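> Here you go, this is start23.cif (mmCIF, C-alpha atoms).
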data_input
#
loop_
_atom_site.group_PDB
_atom_site.id
_atom_site.type_symbol
_atom_site.label_atom_id
_atom_site.label_comp_id
_atom_site.auth_asym_id
_atom_site.auth_seq_id
_atom_site.Cartn_x
_atom_site.Cartn_y
_atom_site.Cartn_z
ATOM 1 C CA MET A 12 101.998 84.986 89.918
ATOM 2 C CA SER A 13 102.723 85.792 86.238
ATOM 3 C CA LYS A 14 101.957 83.940 83.031
ATOM 4 C CA SER A 15 103.745 84.546 79.774
ATOM 5 C CA ARG A 16 103.117 83.344 76.258
ATOM 6 C CA ILE A 17 103.947 84.056 72.653
ATOM 7 C CA SER A 18 101.101 84.873 70.295
ATOM 8 C CA ASN A 19 101.305 85.142 66.510
ATOM 9 C CA ASN A 20 99.600 86.513 63.402
ATOM 10 C CA ILE A 21 100.501 83.633 61.090
ATOM 11 C CA ARG A 22 96.906 82.921 60.062
ATOM 12 C CA LYS A 23 96.263 86.598 59.256
ATOM 13 C CA LEU A 24 99.546 86.960 57.362
ATOM 14 C CA ARG A 25 98.825 83.797 55.338
ATOM 15 C CA PHE A 26 95.481 85.272 54.358
ATOM 16 C CA LEU A 27 97.084 88.572 53.342
ATOM 17 C CA ASN A 28 99.715 86.725 51.277
ATOM 18 C CA GLU A 29 97.376 85.434 48.566
ATOM 19 C CA GLU A 30 95.704 83.019 50.991
ATOM 20 C CA MET A 31 98.829 80.914 51.323
ATOM 21 C CA THR A 32 98.015 77.390 52.487
ATOM 22 C CA GLN A 33 99.429 75.901 55.677
ATOM 23 C CA GLN A 34 101.108 73.222 53.556
ATOM 24 C CA HIS A 35 102.789 75.819 51.349
ATOM 25 C CA LEU A 36 104.084 77.772 54.352
ATOM 26 C CA ALA A 37 105.260 74.545 55.997
ATOM 27 C CA GLU A 38 107.232 73.593 52.867
ATOM 28 C CA LYS A 39 108.763 77.078 52.638
ATOM 29 C CA VAL A 40 110.020 77.102 56.237
ATOM 30 C CA GLY A 41 110.906 73.376 56.396
ATOM 31 C CA VAL A 42 108.475 72.029 58.973
ATOM 32 C CA THR A 43 105.402 69.796 58.874
ATOM 33 C CA ARG A 44 101.893 71.183 58.343
ATOM 34 C CA GLN A 45 101.049 69.940 61.851
ATOM 35 C CA THR A 46 103.624 72.328 63.321
ATOM 36 C CA ILE A 47 102.091 75.287 61.466
ATOM 37 C CA ILE A 48 98.646 74.236 62.774
ATOM 38 C CA ALA A 49 100.029 73.941 66.334
ATOM 39 C CA MET A 50 101.604 77.403 66.087
ATOM 40 C CA GLU A 51 98.400 78.996 64.763
ATOM 41 C CA GLN A 52 96.445 77.427 67.610
ATOM 42 C CA GLY A 53 98.999 78.729 70.116
ATOM 43 C CA LYS A 54 99.992 75.204 71.110
ATOM 44 C CA TYR A 55 103.632 75.592 70.130
ATOM 45 C CA SER A 56 106.161 78.407 70.392
ATOM 46 C CA PRO A 57 108.736 78.045 67.604
ATOM 47 C CA SER A 58 112.483 78.340 67.921
ATOM 48 C CA LEU A 59 114.070 81.701 67.143
ATOM 49 C CA GLU A 60 115.403 80.350 63.841
ATOM 50 C CA LEU A 61 111.975 79.107 62.695
ATOM 51 C CA ALA A 62 110.383 82.392 63.801
ATOM 52 C CA PHE A 63 112.848 84.317 61.627
ATOM 53 C CA ARG A 64 112.243 81.973 58.677
ATOM 54 C CA ILE A 65 108.469 82.561 58.935
ATOM 55 C CA ALA A 66 108.955 86.334 59.110
ATOM 56 C CA LEU A 67 111.245 86.134 56.065
ATOM 57 C CA VAL A 68 108.606 84.241 54.045
ATOM 58 C CA PHE A 69 106.047 86.958 54.740
ATOM 59 C CA GLY A 70 108.651 89.716 54.236
ATOM 60 C CA VAL A 71 107.839 91.445 57.509
ATOM 61 C CA PRO A 72 109.807 92.101 60.714
ATOM 62 C CA LEU A 73 109.677 89.450 63.429
ATOM 63 C CA GLU A 74 107.578 91.664 65.721
ATOM 64 C CA GLU A 75 104.796 91.741 63.142
ATOM 65 C CA VAL A 76 104.491 87.967 63.235
ATOM 66 C CA PHE A 77 105.135 87.213 66.886
ATOM 67 C CA SER A 78 104.413 89.135 70.029
ATOM 68 C CA TYR A 79 105.233 88.392 73.612
ATOM 69 C CA ASP A 80 102.371 88.893 76.081
ATOM 70 C CA ALA A 81 103.132 88.965 79.767
ATOM 71 C CA VAL A 82 99.858 88.533 81.589
ATOM 72 C CA THR A 83 100.137 89.332 85.209
ATOM 73 C CA GLU A 84 97.512 87.970 87.539
ATOM 74 C CA LYS A 85 96.999 90.036 90.599
ATOM 75 C CA THR A 86 96.984 87.955 93.700
ATOM 76 C CA ASN A 87 95.067 88.979 96.712
ATOM 77 C CA GLU A 88 97.457 89.735 99.455
ATOM 78 C CA ALA A 89 96.155 89.330 102.924
ATOM 79 C CA MET B 25 96.926 63.023 62.889
ATOM 80 C CA SER B 26 100.536 63.444 61.713
ATOM 81 C CA PHE B 27 102.799 60.572 60.641
ATOM 82 C CA GLN B 28 104.768 60.844 63.899
ATOM 83 C CA GLN B 29 101.565 60.559 65.945
ATOM 84 C CA LYS B 30 100.522 57.481 63.965
ATOM 85 C CA ASN B 31 103.953 55.966 64.552
ATOM 86 C CA ILE B 32 103.722 56.595 68.305
ATOM 87 C CA THR B 33 100.169 55.167 68.426
ATOM 88 C CA VAL B 34 101.363 51.989 66.688
ATOM 89 C CA SER B 35 104.338 51.762 69.079
ATOM 90 C CA LEU B 36 101.974 52.239 72.051
ATOM 91 C CA ALA B 37 99.678 49.458 70.810
ATOM 92 C CA ASN B 38 102.657 47.148 70.182
ATOM 93 C CA PHE B 39 104.244 47.648 73.589
ATOM 94 C CA THR B 40 100.878 47.267 75.329
ATOM 95 C CA LEU B 41 100.427 43.908 73.579
ATOM 96 C CA ILE B 42 103.994 42.857 74.453
ATOM 97 C CA LEU B 43 103.411 43.832 78.102
ATOM 98 C CA GLY B 44 100.186 41.800 78.086
ATOM 99 C CA PHE B 45 102.023 38.804 76.628
ATOM 100 C CA TYR B 46 104.834 39.180 79.185
ATOM 101 C CA LEU B 47 102.461 39.369 82.164
ATOM 102 C CA PHE B 48 100.428 36.426 80.828
ATOM 103 C CA ARG B 49 103.563 34.263 80.507
ATOM 104 C CA VAL B 50 104.869 35.256 83.980
ATOM 105 C CA ILE B 51 101.498 34.452 85.616
ATOM 106 C CA GLN B 52 101.434 31.161 83.707
ATOM 107 C CA MET B 53 104.939 30.315 85.010
ATOM 108 C CA ILE B 54 104.003 31.129 88.603
ATOM 109 C CA GLN B 55 100.843 29.020 88.426
ATOM 110 C CA SER B 56 102.615 26.024 86.873
ATOM 111 C CA ASP B 57 105.657 26.221 89.196
ATOM 112 C CA GLY B 58 107.847 27.009 86.193
ATOM 113 C CA PHE B 59 109.171 30.271 87.619
ATOM 114 C CA THR B 60 112.846 29.364 87.155
ATOM 115 C CA SER B 61 115.850 31.376 86.028
ATOM 116 C CA THR B 62 116.017 29.453 82.713
ATOM 117 C CA SER B 63 112.398 30.194 81.824
ATOM 118 C CA ILE B 64 112.586 33.831 82.935
ATOM 119 C CA PHE B 65 115.749 34.566 80.931
ATOM 120 C CA ARG B 66 114.197 32.791 77.947
ATOM 121 C CA LEU B 67 111.166 35.061 78.323
ATOM 122 C CA TRP B 68 113.532 38.051 78.547
ATOM 123 C CA GLY B 69 115.033 37.084 75.193
ATOM 124 C CA ILE B 70 111.629 36.527 73.579
ATOM 125 C CA THR B 71 110.290 39.851 74.901
ATOM 126 C CA ILE B 72 113.299 41.897 73.758
ATOM 127 C CA GLY B 73 113.325 40.122 70.379
ATOM 128 C CA LEU B 74 109.595 40.752 69.980
ATOM 129 C CA ALA B 75 110.011 44.431 70.881
ATOM 130 C CA ILE B 76 112.691 44.915 68.200
ATOM 131 C CA VAL B 77 110.896 42.961 65.443
ATOM 132 C CA VAL B 78 107.458 44.454 66.172
ATOM 133 C CA THR B 79 108.891 48.013 66.253
ATOM 134 C CA ILE B 80 110.524 47.544 62.828
ATOM 135 C CA ILE B 81 107.423 45.913 61.307
ATOM 136 C CA GLY B 82 105.182 48.567 62.920
ATOM 137 C CA THR B 83 107.210 51.419 61.390
ATOM 138 C CA ILE B 84 107.167 49.799 57.930
ATOM 139 C CA LEU B 85 103.412 49.147 58.141
ATOM 140 C CA THR B 86 102.731 52.719 59.290
ATOM 141 C CA HIS B 87 104.642 53.977 56.213
ATOM 142 C CA ILE B 88 102.683 51.707 53.867
ATOM 143 C CA VAL B 89 99.259 52.448 55.385
ATOM 144 C CA SER B 90 99.981 56.223 55.485
ATOM 145 C CA ALA B 91 101.013 56.131 51.808
ATOM 146 C CA ILE B 92 97.820 54.234 50.865
ATOM 147 C CA ILE B 93 95.593 56.654 52.817
ATOM 148 C CA GLU B 94 97.393 59.669 51.289
ATOM 149 C CA ALA B 95 97.081 58.182 47.783
ATOM 150 C CA ILE B 96 93.329 57.681 48.253
ATOM 151 C CA ARG B 97 92.930 61.166 49.766
ATOM 152 C CA THR B 98 94.878 63.070 47.093
ATOM 153 C CA GLY B 99 94.332 60.722 44.138
ATOM 154 C CA LYS B 100 98.063 60.828 43.296
ATOM 155 C CA ASP B 101 100.105 57.743 42.338
ATOM 156 C CA ASP B 102 103.170 58.961 44.218
ATOM 157 C CA PRO B 103 101.842 60.386 47.500
ATOM 158 C CA LYS B 104 104.088 62.529 49.689
ATOM 159 C CA ILE B 105 104.182 61.580 53.366
ATOM 160 C CA GLU B 106 105.480 64.064 55.925
ATOM 161 C CA ASP B 107 107.635 61.469 57.664
ATOM 162 C CA PHE B 108 110.525 63.794 58.556
ATOM 163 C CA GLU B 109 111.009 65.065 62.091
ATOM 164 C CA ASP B 110 110.932 68.836 62.461
ATOM 165 C CA GLU B 111 111.957 70.805 65.580
ATOM 166 C CA ARG B 112 108.574 70.258 67.295
ATOM 167 C CA ASP B 113 108.697 66.488 66.725
ATOM 168 C CA GLN B 114 112.276 66.349 68.042
ATOM 169 C CA LEU B 115 111.335 68.355 71.141
ATOM 170 C CA ILE B 116 108.331 66.131 71.870
ATOM 171 C CA ASP B 117 110.461 63.030 71.328
ATOM 172 C CA LEU B 118 113.063 64.412 73.728
ATOM 173 C CA ARG B 119 110.450 65.108 76.427
ATOM 174 C CA GLY B 120 108.935 61.660 75.927
ATOM 175 C CA THR B 121 112.378 60.066 76.269
ATOM 176 C CA ARG B 122 112.893 62.002 79.509
ATOM 177 C CA VAL B 123 109.624 60.578 80.882
ATOM 178 C CA THR B 124 110.686 57.074 79.746
ATOM 179 C CA TYR B 125 114.034 57.416 81.541
ATOM 180 C CA PHE B 126 112.349 58.717 84.691
ATOM 181 C CA VAL B 127 109.829 55.832 84.869
ATOM 182 C CA SER B 128 112.591 53.387 83.998
ATOM 183 C CA SER B 129 114.805 54.739 86.818
ATOM 184 C CA VAL B 130 111.960 54.509 89.341
ATOM 185 C CA GLY B 131 111.308 50.974 88.089
ATOM 186 C CA VAL B 132 114.929 49.928 88.585
ATOM 187 C CA PHE B 133 114.843 51.391 92.104
ATOM 188 C CA LEU B 134 111.601 49.532 92.936
ATOM 189 C CA SER B 135 113.033 46.326 91.469
ATOM 190 C CA MET B 136 116.096 46.659 93.707
ATOM 191 C CA LEU B 137 113.787 47.127 96.697
ATOM 192 C CA THR B 138 112.711 43.483 96.339
ATOM 193 C CA PHE B 139 116.041 42.530 97.948
ATOM 194 C CA VAL B 140 114.992 44.448 101.043
ATOM 195 C CA PHE B 141 111.942 42.190 101.301
ATOM 196 C CA ASP B 142 114.087 39.028 100.988
ATOM 197 C CA GLN B 143 112.838 38.171 97.513
ATOM 198 C CA PRO B 144 114.994 36.051 95.179
ATOM 199 C CA PRO B 145 116.948 37.843 92.389
ATOM 200 C CA LEU B 146 114.565 36.273 89.871
ATOM 201 C CA VAL B 147 111.793 38.612 91.060
ATOM 202 C CA MET B 148 114.054 41.596 90.476
ATOM 203 C CA PHE B 149 114.874 40.487 86.917
ATOM 204 C CA THR B 150 111.159 39.901 86.213
ATOM 205 C CA LEU B 151 110.289 43.379 87.462
ATOM 206 C CA LEU B 152 113.121 45.004 85.466
ATOM 207 C CA ILE B 153 111.607 43.998 82.110
ATOM 208 C CA PHE B 154 108.116 44.833 83.390
ATOM 209 C CA PHE B 155 109.136 48.378 84.301
ATOM 210 C CA GLY B 156 111.093 48.717 81.047
ATOM 211 C CA LEU B 157 107.912 48.019 79.070
ATOM 212 C CA VAL B 158 105.811 50.254 81.342
ATOM 213 C CA ALA B 159 108.364 53.078 80.888
ATOM 214 C CA GLN B 160 108.097 52.781 77.097
ATOM 215 C CA ILE B 161 104.282 52.858 77.278
ATOM 216 C CA VAL B 162 104.216 55.869 79.621
ATOM 217 C CA GLY B 163 106.753 57.649 77.365
ATOM 218 C CA ASP B 164 104.563 57.048 74.300
ATOM 219 C CA ILE B 165 101.457 58.268 76.147
ATOM 220 C CA SER B 166 103.267 61.445 77.237
ATOM 221 C CA ARG B 167 104.366 62.066 73.612
ATOM 222 C CA LEU B 168 100.762 61.726 72.417
ATOM 223 C CA VAL B 169 99.551 64.045 75.202
ATOM 224 C CA LEU B 170 102.160 66.649 74.182
ATOM 225 C CA TYR B 171 101.035 66.420 70.539
ATOM 226 C CA ARG B 172 97.382 66.876 71.541
ATOM 227 C CA ARG B 173 97.731 69.441 74.330
ATOM 228 C CA GLY B 174 100.709 71.383 72.985
ATOM 229 C CA PHE B 175 103.382 73.046 75.050
#
Translate the structure described by the file into C-alpha coordinates.

Amino acid sequence: MSKSRISNNIRKLRFLNEEMTQQHLAEKVGVTRQTIIAMEQGKYSPSLELAFRIALVFGVPLEEVFSYDAVTEKTNEA
Amino acid sequence: MSFQQKNITVSLANFTLILGFYLFRVIQMIQSDGFTSTSIFRLWGITIGLAIVVTIIGTILTHIVSAIIEAIRTGKDDPKIEDFEDERDQLIDLRGTRVTYFVSSVGVFLSMLTFVFDQPPLVMFTLLIFFGLVAQIVGDISRLVLYRRGF
(Lines of atoms letter the chains of each structure in order from A and count residues from 1; the text may use other names and numbers.)
(Lines give C-alpha, C1' and ligand atoms only; values in the text may rest on other atoms or scores of the structure.)
Protein backbone atom coordinates (compact mmCIF):
# COMPACT_ATOMS: atom_id res chain seq x y z
CA MET A 1 0.00 0.00 0.00
CA SER A 2 1.49 3.42 -0.88
CA LYS A 3 0.67 6.93 0.28
CA SER A 4 1.63 10.05 -1.60
CA ARG A 5 1.47 13.71 -0.72
CA ILE A 6 2.83 17.09 -1.68
CA SER A 7 4.78 19.03 0.92
CA ASN A 8 5.89 22.66 0.66
CA ASN A 9 8.30 25.26 2.02
CA ILE A 10 5.93 28.23 1.78
CA ARG A 11 6.28 29.20 5.45
CA LYS A 12 10.09 29.09 5.26
CA LEU A 13 10.18 31.02 1.98
CA ARG A 14 7.83 33.68 3.39
CA PHE A 15 10.18 34.11 6.32
CA LEU A 16 13.20 34.41 4.03
CA ASN A 17 11.38 36.99 1.87
CA GLU A 18 11.31 39.80 4.44
CA GLU A 19 8.80 37.92 6.61
CA MET A 20 6.06 38.25 4.03
CA THR A 21 2.62 37.90 5.60
CA GLN A 22 0.14 35.23 4.55
CA GLN A 23 -2.25 38.00 3.51
CA HIS A 24 0.37 39.63 1.30
CA LEU A 25 1.23 36.33 -0.40
CA ALA A 26 -2.48 35.55 -0.83
CA GLU A 27 -3.05 38.91 -2.54
CA LYS A 28 -0.03 38.41 -4.81
CA VAL A 29 -1.14 34.97 -6.04
CA GLY A 30 -4.89 35.73 -6.08
CA VAL A 31 -6.26 33.42 -3.41
CA THR A 32 -7.69 33.87 0.08
CA ARG A 33 -5.50 33.87 3.19
CA GLN A 34 -7.33 30.71 4.29
CA THR A 35 -5.98 28.86 1.25
CA ILE A 36 -2.40 29.89 2.09
CA ILE A 37 -2.97 28.68 5.68
CA ALA A 38 -4.39 25.37 4.39
CA MET A 39 -1.40 24.88 2.09
CA GLU A 40 1.12 25.63 4.86
CA GLN A 41 -0.63 23.12 7.11
CA GLY A 42 -0.54 20.52 4.33
CA LYS A 43 -4.33 20.43 4.14
CA TYR A 44 -4.51 21.49 0.51
CA SER A 45 -2.46 20.72 -2.58
CA PRO A 46 -2.69 23.65 -5.01
CA SER A 47 -3.29 23.47 -8.73
CA LEU A 48 -0.26 23.53 -11.02
CA GLU A 49 -1.04 27.12 -12.02
CA LEU A 50 -1.21 28.34 -8.40
CA ALA A 51 1.98 26.42 -7.58
CA PHE A 52 3.80 28.21 -10.41
CA ARG A 53 2.41 31.59 -9.29
CA ILE A 54 3.72 31.00 -5.75
CA ALA A 55 7.15 29.97 -7.06
CA LEU A 56 7.19 33.10 -9.24
CA VAL A 57 6.45 35.36 -6.25
CA PHE A 58 9.41 33.92 -4.36
CA GLY A 59 11.58 33.90 -7.51
CA VAL A 60 12.61 30.28 -7.10
CA PRO A 61 12.04 27.12 -9.17
CA LEU A 62 8.91 25.09 -8.46
CA GLU A 63 10.91 22.24 -6.90
CA GLU A 64 12.20 24.58 -4.21
CA VAL A 65 8.67 25.35 -3.07
CA PHE A 66 6.94 22.01 -3.53
CA SER A 67 8.16 18.48 -3.26
CA TYR A 68 6.43 15.21 -3.90
CA ASP A 69 6.93 12.55 -1.22
CA ALA A 70 5.95 8.99 -1.98
CA VAL A 71 5.81 7.15 1.31
CA THR A 72 5.64 3.46 0.85
CA GLU A 73 4.36 1.37 3.71
CA LYS A 74 5.69 -2.11 3.75
CA THR A 75 2.99 -4.63 4.23
CA ASN A 76 3.65 -7.90 5.87
CA GLU A 77 3.19 -10.61 3.37
CA ALA A 78 2.26 -13.96 4.72
CA MET B 1 -13.24 31.09 9.84
CA SER B 2 -13.34 32.33 6.23
CA PHE B 3 -16.29 34.16 4.66
CA GLN B 4 -17.23 31.04 2.68
CA GLN B 5 -17.30 28.94 5.86
CA LYS B 6 -19.52 31.53 7.56
CA ASN B 7 -21.83 31.50 4.56
CA ILE B 8 -22.08 27.69 4.64
CA THR B 9 -22.70 27.72 8.42
CA VAL B 10 -25.55 30.21 7.96
CA SER B 11 -26.98 28.10 5.11
CA LEU B 12 -26.73 24.98 7.31
CA ALA B 13 -28.57 26.71 10.16
CA ASN B 14 -31.25 28.01 7.77
CA PHE B 15 -31.93 24.67 6.11
CA THR B 16 -31.98 22.89 9.47
CA LEU B 17 -34.65 25.35 10.66
CA ILE B 18 -36.62 24.94 7.42
CA LEU B 19 -36.44 21.14 7.76
CA GLY B 20 -37.67 21.45 11.36
CA PHE B 21 -40.55 23.67 10.24
CA TYR B 22 -41.41 21.25 7.41
CA LEU B 23 -41.44 18.18 9.68
CA PHE B 24 -43.47 20.05 12.31
CA ARG B 25 -46.11 21.04 9.74
CA VAL B 26 -46.28 17.51 8.24
CA ILE B 27 -46.71 15.92 11.71
CA GLN B 28 -49.36 18.54 12.50
CA MET B 29 -51.22 17.66 9.27
CA ILE B 30 -51.11 13.93 10.00
CA GLN B 31 -52.38 14.42 13.55
CA SER B 32 -55.23 16.73 12.49
CA ASP B 33 -56.26 14.59 9.47
CA GLY B 34 -55.26 17.44 7.17
CA PHE B 35 -52.80 15.37 5.15
CA THR B 36 -54.34 16.22 1.77
CA SER B 37 -52.81 17.01 -1.61
CA THR B 38 -53.88 20.69 -1.34
CA SER B 39 -52.18 21.18 2.03
CA ILE B 40 -49.04 19.27 1.03
CA PHE B 41 -48.55 21.21 -2.21
CA ARG B 42 -49.18 24.44 -0.30
CA LEU B 43 -46.47 23.38 2.15
CA TRP B 44 -44.20 22.60 -0.82
CA GLY B 45 -44.64 26.16 -2.07
CA ILE B 46 -44.05 27.67 1.38
CA THR B 47 -40.93 25.54 1.94
CA ILE B 48 -39.37 26.34 -1.44
CA GLY B 49 -40.24 30.03 -1.07
CA LEU B 50 -38.75 30.07 2.43
CA ALA B 51 -35.57 28.36 1.20
CA ILE B 52 -35.05 31.00 -1.52
CA VAL B 53 -35.85 34.03 0.67
CA VAL B 54 -33.87 32.79 3.69
CA THR B 55 -30.83 31.96 1.50
CA ILE B 56 -30.81 35.49 0.02
CA ILE B 57 -31.32 37.18 3.41
CA GLY B 58 -28.71 34.87 5.00
CA THR B 59 -26.08 35.80 2.39
CA ILE B 60 -26.78 39.54 2.80
CA LEU B 61 -26.64 39.28 6.60
CA THR B 62 -23.39 37.30 6.47
CA HIS B 63 -21.87 40.09 4.33
CA ILE B 64 -23.04 42.79 6.75
CA VAL B 65 -21.96 40.96 9.92
CA SER B 66 -18.57 40.03 8.38
CA ALA B 67 -18.00 43.67 7.40
CA ILE B 68 -18.88 44.86 10.93
CA ILE B 69 -16.58 42.28 12.56
CA GLU B 70 -13.74 43.16 10.14
CA ALA B 71 -14.25 46.89 10.78
CA ILE B 72 -14.02 46.35 14.55
CA ARG B 73 -11.00 44.05 14.16
CA THR B 74 -8.98 46.30 11.84
CA GLY B 75 -10.38 49.69 12.90
CA LYS B 76 -10.88 50.69 9.24
CA ASP B 77 -14.01 52.44 7.93
CA ASP B 78 -13.97 50.50 4.67
CA PRO B 79 -13.12 46.91 5.65
CA LYS B 80 -12.09 44.41 2.98
CA ILE B 81 -13.89 41.06 3.10
CA GLU B 82 -12.43 38.07 1.28
CA ASP B 83 -15.77 37.10 -0.25
CA PHE B 84 -14.40 35.85 -3.59
CA GLU B 85 -14.15 32.15 -4.34
CA ASP B 86 -10.65 30.90 -5.10
CA GLU B 87 -9.75 27.47 -6.54
CA ARG B 88 -9.95 25.75 -3.13
CA ASP B 89 -13.41 27.19 -2.41
CA GLN B 90 -14.63 26.14 -5.87
CA LEU B 91 -13.27 22.61 -5.40
CA ILE B 92 -14.90 22.26 -1.98
CA ASP B 93 -18.17 23.62 -3.36
CA LEU B 94 -17.99 21.11 -6.21
CA ARG B 95 -17.41 18.19 -3.82
CA GLY B 96 -20.23 19.39 -1.58
CA THR B 97 -22.57 19.62 -4.58
CA ARG B 98 -21.62 16.05 -5.51
CA VAL B 99 -22.59 14.87 -2.01
CA THR B 100 -25.87 16.85 -2.27
CA TYR B 101 -26.69 15.21 -5.61
CA PHE B 102 -25.85 11.75 -4.26
CA VAL B 103 -28.08 12.12 -1.16
CA SER B 104 -30.78 13.68 -3.31
CA SER B 105 -30.66 10.75 -5.77
CA VAL B 106 -30.86 8.20 -2.95
CA GLY B 107 -33.77 10.20 -1.53
CA VAL B 108 -35.66 10.16 -4.83
CA PHE B 109 -35.10 6.40 -5.07
CA LEU B 110 -36.36 5.85 -1.50
CA SER B 111 -39.35 8.10 -2.18
CA MET B 112 -40.23 6.01 -5.24
CA LEU B 113 -40.01 2.87 -3.10
CA THR B 114 -43.14 4.01 -1.24
CA PHE B 115 -45.14 2.85 -4.28
CA VAL B 116 -43.84 -0.66 -3.68
CA PHE B 117 -45.38 -0.55 -0.21
CA ASP B 118 -48.76 0.61 -1.60
CA GLN B 119 -48.48 4.12 -0.19
CA PRO B 120 -50.39 6.99 -1.82
CA PRO B 121 -48.45 9.39 -4.12
CA LEU B 122 -48.82 12.07 -1.44
CA VAL B 123 -46.29 10.22 0.74
CA MET B 124 -43.81 10.22 -2.13
CA PHE B 125 -44.19 13.97 -2.68
CA THR B 126 -43.77 14.59 1.08
CA LEU B 127 -40.59 12.52 1.15
CA LEU B 128 -39.19 14.24 -1.97
CA ILE B 129 -39.01 17.65 -0.27
CA PHE B 130 -37.77 16.02 2.95
CA PHE B 131 -34.85 14.37 1.17
CA GLY B 132 -34.18 17.55 -0.81
CA LEU B 133 -33.68 19.46 2.45
CA VAL B 134 -31.66 16.62 4.00
CA ALA B 135 -29.42 16.54 0.88
CA GLN B 136 -28.74 20.28 1.21
CA ILE B 137 -27.89 19.88 4.91
CA VAL B 138 -25.58 16.90 4.31
CA GLY B 139 -23.91 18.81 1.44
CA ASP B 140 -23.27 21.81 3.71
CA ILE B 141 -21.89 19.57 6.47
CA SER B 142 -19.53 17.87 4.00
CA ARG B 143 -18.31 21.30 2.79
CA LEU B 144 -17.57 22.34 6.38
CA VAL B 145 -15.78 19.04 7.05
CA LEU B 146 -13.63 19.56 3.92
CA TYR B 147 -12.74 23.09 5.08
CA ARG B 148 -11.76 21.81 8.54
CA ARG B 149 -10.07 18.53 7.62
CA GLY B 150 -8.55 19.54 4.29
CA PHE B 151 -8.05 17.29 1.31
> Taking all atoms of segment 96-100 of chain B that appear in the file, build a box with edges along x, y and z, extend it by 6 Å on every side, and state its centre and edge lengths in Å to one decimal, as JSON.

{"center_x": 95.5, "center_y": 60.4, "center_z": 46.5, "size_x": 17.1, "size_y": 17.4, "size_z": 18.5}
> Specify as an MDAnalysis selection string all residues of chain A found within 6 Å of chain B, counting all atoms listed in the file.
chainID A and resid 42 54:55
> Residues within 7 Å of segment 149-159 of chain B, please, as a list in words. Count all atoms listed in the file; anything in the same chain fewer than 4 positions from it doesn't count.
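The residues that qualify are Phe39, Leu43, Thr124, Val127, Ser128, Gly131, Val132, Ser135, Pro145 and Gly163 of chain B.
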> Counting only C-alpha atoms, which residues have an atom no more than 12 Å from (102.0, 62.1, 52.2) in the file's coordinates? Please list them as a ChimeraX atom specification.
/A:34,43-44 /B:25-27,86-108
> Just C-alpha atoms for this one: save the residues we selected as a PDB file, keeping the file's coordinate frame.

ATOM      1  CA  GLN A  34     101.108  73.222  53.556  1.00  0.00           C
ATOM      2  CA  THR A  43     105.402  69.796  58.874  1.00  0.00           C
ATOM      3  CA  ARG A  44     101.893  71.183  58.343  1.00  0.00           C
TER       4      ARG A  44
ATOM      5  CA  MET B  25      96.926  63.023  62.889  1.00  0.00           C
ATOM      6  CA  SER B  26     100.536  63.444  61.713  1.00  0.00           C
ATOM      7  CA  PHE B  27     102.799  60.572  60.641  1.00  0.00           C
ATOM      8  CA  THR B  86     102.731  52.719  59.290  1.00  0.00           C
ATOM      9  CA  HIS B  87     104.642  53.977  56.213  1.00  0.00           C
ATOM     10  CA  ILE B  88     102.683  51.707  53.867  1.00  0.00           C
ATOM     11  CA  VAL B  89      99.259  52.448  55.385  1.00  0.00           C
ATOM     12  CA  SER B  90      99.981  56.223  55.485  1.00  0.00           C
ATOM     13  CA  ALA B  91     101.013  56.131  51.808  1.00  0.00           C
ATOM     14  CA  ILE B  92      97.820  54.234  50.865  1.00  0.00           C
ATOM     15  CA  ILE B  93      95.593  56.654  52.817  1.00  0.00           C
ATOM     16  CA  GLU B  94      97.393  59.669  51.289  1.00  0.00           C
ATOM     17  CA  ALA B  95      97.081  58.182  47.783  1.00  0.00           C
ATOM     18  CA  ILE B  96      93.329  57.681  48.253  1.00  0.00           C
ATOM     19  CA  ARG B  97      92.930  61.166  49.766  1.00  0.00           C
ATOM     20  CA  THR B  98      94.878  63.070  47.093  1.00  0.00           C
ATOM     21  CA  GLY B  99      94.332  60.722  44.138  1.00  0.00           C
ATOM     22  CA  LYS B 100      98.063  60.828  43.296  1.00  0.00           C
ATOM     23  CA  ASP B 101     100.105  57.743  42.338  1.00  0.00           C
ATOM     24  CA  ASP B 102     103.170  58.961  44.218  1.00  0.00           C
ATOM     25  CA  PRO B 103     101.842  60.386  47.500  1.00  0.00           C
ATOM     26  CA  LYS B 104     104.088  62.529  49.689  1.00  0.00           C
ATOM     27  CA  ILE B 105     104.182  61.580  53.366  1.00  0.00           C
ATOM     28  CA  GLU B 106     105.480  64.064  55.925  1.00  0.00           C
ATOM     29  CA  ASP B 107     107.635  61.469  57.664  1.00  0.00           C
ATOM     30  CA  PHE B 108     110.525  63.794  58.556  1.00  0.00           C
TER      31      PHE B 108
END
> Work out how far atom CA of Ser166 of chain B is from atom CA of Met50 of chain A, in Å to one decimal.
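Atom-to-atom, atom CA of Met50 of chain A to atom CA of Ser166 of chain B, that is 19.5 Å.
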> If the PyMOL selection byres ((chain A and resi 67-72) around 8) were run on this exact file, what residues would it hold? Put them as number ranges by chain.
A: 24-25, 28, 36, 39-40, 63-66, 73-76
> Enumerate, as a list of chain:residue names, the residues matched when the PyMOL selection byres ((chain A and resi 52) around 10) is run on the file above.
A:Ser18, A:Asn19, A:Ile21, A:Arg22, A:Thr46, A:Ile47, A:Ile48, A:Ala49, A:Met50, A:Glu51, A:Gly53, A:Lys54, A:Tyr55, B:Gly174
> Can I get the selected residues back with C-alpha atoms, as an mmCIF file, in the frame of the given file?

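Saved file again13.cif follows:
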data_model
loop_
_atom_site.group_PDB
_atom_site.id
_atom_site.type_symbol
_atom_site.label_atom_id
_atom_site.label_comp_id
_atom_site.auth_asym_id
_atom_site.auth_seq_id
_atom_site.Cartn_x
_atom_site.Cartn_y
_atom_site.Cartn_z
ATOM 1 C CA SER A 18 101.101 84.873 70.295
ATOM 2 C CA ASN A 19 101.305 85.142 66.510
ATOM 3 C CA ILE A 21 100.501 83.633 61.090
ATOM 4 C CA ARG A 22 96.906 82.921 60.062
ATOM 5 C CA THR A 46 103.624 72.328 63.321
ATOM 6 C CA ILE A 47 102.091 75.287 61.466
ATOM 7 C CA ILE A 48 98.646 74.236 62.774
ATOM 8 C CA ALA A 49 100.029 73.941 66.334
ATOM 9 C CA MET A 50 101.604 77.403 66.087
ATOM 10 C CA GLU A 51 98.400 78.996 64.763
ATOM 11 C CA GLY A 53 98.999 78.729 70.116
ATOM 12 C CA LYS A 54 99.992 75.204 71.110
ATOM 13 C CA TYR A 55 103.632 75.592 70.130
ATOM 14 C CA GLY B 174 100.709 71.383 72.985
#
> In Å, how far is it from atom CA of Gln160 of chain B to atom CA of Phe48 of chain B?
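Computing it gives 18.4 Å between the two atoms.
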> Quick one: everything within 8 Å of segment 60-76 of chain B, counting all atoms listed in the file, minus sequence neighbours fewer than 3 positions away in the same chain. Send it as a list in words.
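Answer for this query is Asn38, Phe39, Ile42, Tyr46, Arg49, Val50, Thr79, Ile80, Leu146, Thr150 and Ile153 of chain B.
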> So the first atom is atom CA of Ile17 of chain A and the second is atom CA of Leu61 of chain A; what is the distance between them in Å, to one decimal place?
13.7 Å
> How would you write, as number ranges by chain, the residues chosen by the PyMOL selection byres ((chain B and resi 36) around 9) on this structure?
B: 31-35, 37-41, 160-165
> Nearest to Leu168 of chain B: which of B:Gly58, B:Arg119, B:Ile51, B:Gly82 is it, counting all atoms listed in the file?
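For Leu168 of chain B, the nearest of the candidates is B:Arg119.
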> So, counting only C-alpha atoms, which residue among A:Glu30, A:Lys23, A:Gln45, A:Arg16 is closest to Tyr79 of chain A?
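Nearest candidate to Tyr79 of chain A out of A:Glu30, A:Lys23, A:Gln45, A:Arg16: A:Arg16.
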